[in-house]
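Chemist: Take a look at the following structure, please.
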Amino acid sequence: SHTCSWTITQRKLPGTAMRSMDVRSTPGGMKRVEGFRPTAPKAWEAMSQALRRIKVKALQPNEVAGRNGWNRVLVDVRPREDYQEAHIPGTVNVPLYQPISGWSAQQILRRAAYAFFGVAKGTEANPTFTEEFKSAVGPSWKEVVMICETGGTLQVTGNFPNGKQSRSLIACYEALLEGYKKLSYLEGGVNEYTKAGLPLEEFTPEKRGPFIL
């Protein structure tokens with residue numbers, strides 16, 4: 001048998017460029033927004049406006065560290081593999097995306113599209129995200145902080161008239177559709193949290209007996 005433990009560490013950012021958000025479209029399993037694929041400008045415009053109406057907050061890393069509690073849930077929406085590599089202590093993992101698992105015609109095309117852009121591990125929408133999220137968070141009166149790799153922003157600028165879309169903001173919109181309104185997100189995501197030198201938790205399997213992980 002084997003046991004597993006969690007270790008508090010500080011992760012160094014890799015020397016590679018920041019990962020960009022995967023294309024989120026109907027072939028990838030996500031719902032359309034007002035008739036548009038979710039990555040379309042019109043869809044993001046509708047999503048960002050809805051999030052601004054309920055005053056979704058942008059939080060800084062020091063406002064998130066150690067701030068989970070009975071009425072506040074920190075939700076990391078990154079893929080499970082990334083979460084297990086390193087995550088903010090006290091978070092729960094509810095992946096918005098998952099590795100492409102099947103071999104339907106759409107999934108084969110999606111793999112090919114990722115390969116074209118040099119991405120070895122393509123993802124698709126997690127079909128049970130809503131159910132997993134509601135199970136992890138509980139009643140809709142709770143405050144929810146969404147966390148992804150890059151964070152995005154709702155701040156309007158000349159270059160980004162609707163802010164910058166991200167997985168955490170997409171997850172906020174999905175939560176809003178389920179009646180959750182006390183929503184915020186970690187601005188800059190795990191990348192900014194890491195740059196701030198705050199502790200991360202890593203999953204460390206302890207090998208024992210005849211089993212080899």
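Starting from 1 in every chain, residues are counted up; chains themselves are A, B, ... following the order of the structure tokens, and ligands are numbered from 1 as listed.
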Would you give me, as a Markdown table, each residue of segment 115-169 of chain A having an atom within 8 Å of an atom of segment 67-86 of chain A, along with its shortest atom pair and that distance in Å to one decimal, using only C-alpha atoms and sorting by chain and residue number?
Modeler:
```
| residue | atom | partner | partner_atom | distance |
| --- | --- | --- | --- | --- |
| A:Val137 | CA | A:Val73 | CA | 6.3 |
| A:Lys142 | CA | A:Asn71 | CA | 5.1 |
| A:Glu143 | CA | A:Arg72 | CA | 4.7 |
| A:Val144 | CA | A:Val73 | CA | 5.0 |
| A:Val145 | CA | A:Leu74 | CA | 4.8 |
| A:Met146 | CA | A:Val75 | CA | 5.0 |
| A:Ile147 | CA | A:Asp76 | CA | 4.6 |
| A:Cys148 | CA | A:Arg78 | CA | 5.5 |
| A:Glu149 | CA | A:Arg78 | CA | 6.9 |
| A:Arg167 | CA | A:Val77 | CA | 7.2 |
| A:Ser168 | CA | A:Val77 | CA | 6.6 |
```
Chemist: The selected residues should be written to file as a compact mmCIF listing (two decimals), in the first residue's frame (atoms: N, CA and C atoms).
Modeler:
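again08.txt, freshly written:
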```txt
# COMPACT_ATOMS: atom_id res chain seq x y z
N VAL A 137 -18.92 23.39 -3.27
CA VAL A 137 -19.16 24.69 -2.65
C VAL A 137 -20.33 24.66 -1.67
N LYS A 142 -22.83 31.26 -0.19
CA LYS A 142 -21.42 31.30 0.15
C LYS A 142 -20.63 32.17 -0.82
N GLU A 143 -19.54 32.74 -0.33
CA GLU A 143 -18.64 33.50 -1.18
C GLU A 143 -17.70 32.51 -1.88
N VAL A 144 -17.49 32.71 -3.17
CA VAL A 144 -16.64 31.81 -3.96
C VAL A 144 -15.54 32.63 -4.63
N VAL A 145 -14.31 32.15 -4.47
CA VAL A 145 -13.16 32.76 -5.13
C VAL A 145 -12.67 31.78 -6.19
N MET A 146 -12.72 32.18 -7.46
CA MET A 146 -12.27 31.33 -8.56
C MET A 146 -10.79 31.59 -8.85
N ILE A 147 -10.07 30.51 -9.11
CA ILE A 147 -8.62 30.60 -9.33
C ILE A 147 -8.25 29.78 -10.56
N CYS A 148 -7.48 30.41 -11.47
CA CYS A 148 -6.94 29.67 -12.60
C CYS A 148 -5.46 30.04 -12.73
N GLU A 149 -4.85 29.74 -13.86
CA GLU A 149 -3.42 29.99 -14.01
C GLU A 149 -3.11 31.47 -14.22
N ARG A 167 -10.14 31.40 -17.58
CA ARG A 167 -10.92 30.26 -17.09
C ARG A 167 -11.62 30.59 -15.78
N SER A 168 -10.98 31.36 -14.93
CA SER A 168 -11.64 31.70 -13.66
C SER A 168 -12.86 32.58 -13.89
```
Chemist: Find the residue from A:Tyr180, A:Glu187, A:Thr194, A:Phe203 that sits nearest to Gln165 of chain A; use only C-alpha atoms when measuring.
Modeler: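 Checking each of A:Tyr180, A:Glu187, A:Thr194, A:Phe203 against Gln165 of chain A, counting only C-alpha atoms, the winner is A:Glu187.
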Chemist: Which of these, A:Ile88, A:Ala40, A:Leu51, A:Leu154, has the shortest distance to Asn191 of chain A once you count only C-alpha atoms?
Modeler: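 For Asn191 of chain A, the nearest of the given residues is A:Ile88.
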Chemist: Between A:Lys134, A:Lys31, A:Lys164, A:Lys57, single out the one closest to Glu45 of chain A, counting only C-alpha atoms.
Modeler: A:Lys164
Chemist: If DSSP is run on the backbone, what residues of segment 108-197 of chain A are helix (DSSP H, G or I)? A reply as a VMD selection string would be ideal.
Modeler: chain A and resid 108 to 116 129 to 137 167 to 177 189 to 195
Chemist: I'd like to know which of A:Thr130, A:Gln60, A:Asn93, A:Gln98 is closest to Glu174 of chain A, using only C-alpha atoms.
Modeler: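 Of A:Thr130, A:Gln60, A:Asn93, A:Gln98, the one nearest Glu174 of chain A, counting only C-alpha atoms, is A:Thr130.
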Chemist: Work out how far apart atom CA of Gly189 of chain A and atom CA of Gly152 of chain A are and give it in Å to one decimal.
Modeler: 7.6 Å
Chemist: When distances are computed from only C-alpha atoms, which of A:Gly138, A:Gly151, A:Gly158, A:Pro95 shows the smallest separation from Glu124 of chain A?
Modeler: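 Closest to Glu124 of chain A, using only C-alpha atoms: A:Pro95.
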Chemist: Can you measure atom CA of Ser140 of chain A to atom CA of His87 of chain A for me? One decimal in Å is fine.
Modeler: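 These atoms are spaced 24.1 Å apart.
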Chemist: How many Å separate atom CA of Val190 of chain A from atom CA of Leu169 of chain A?
Modeler: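 One can read the atom CA of Val190 of chain A to atom CA of Leu169 of chain A distance as 13.9 Å.
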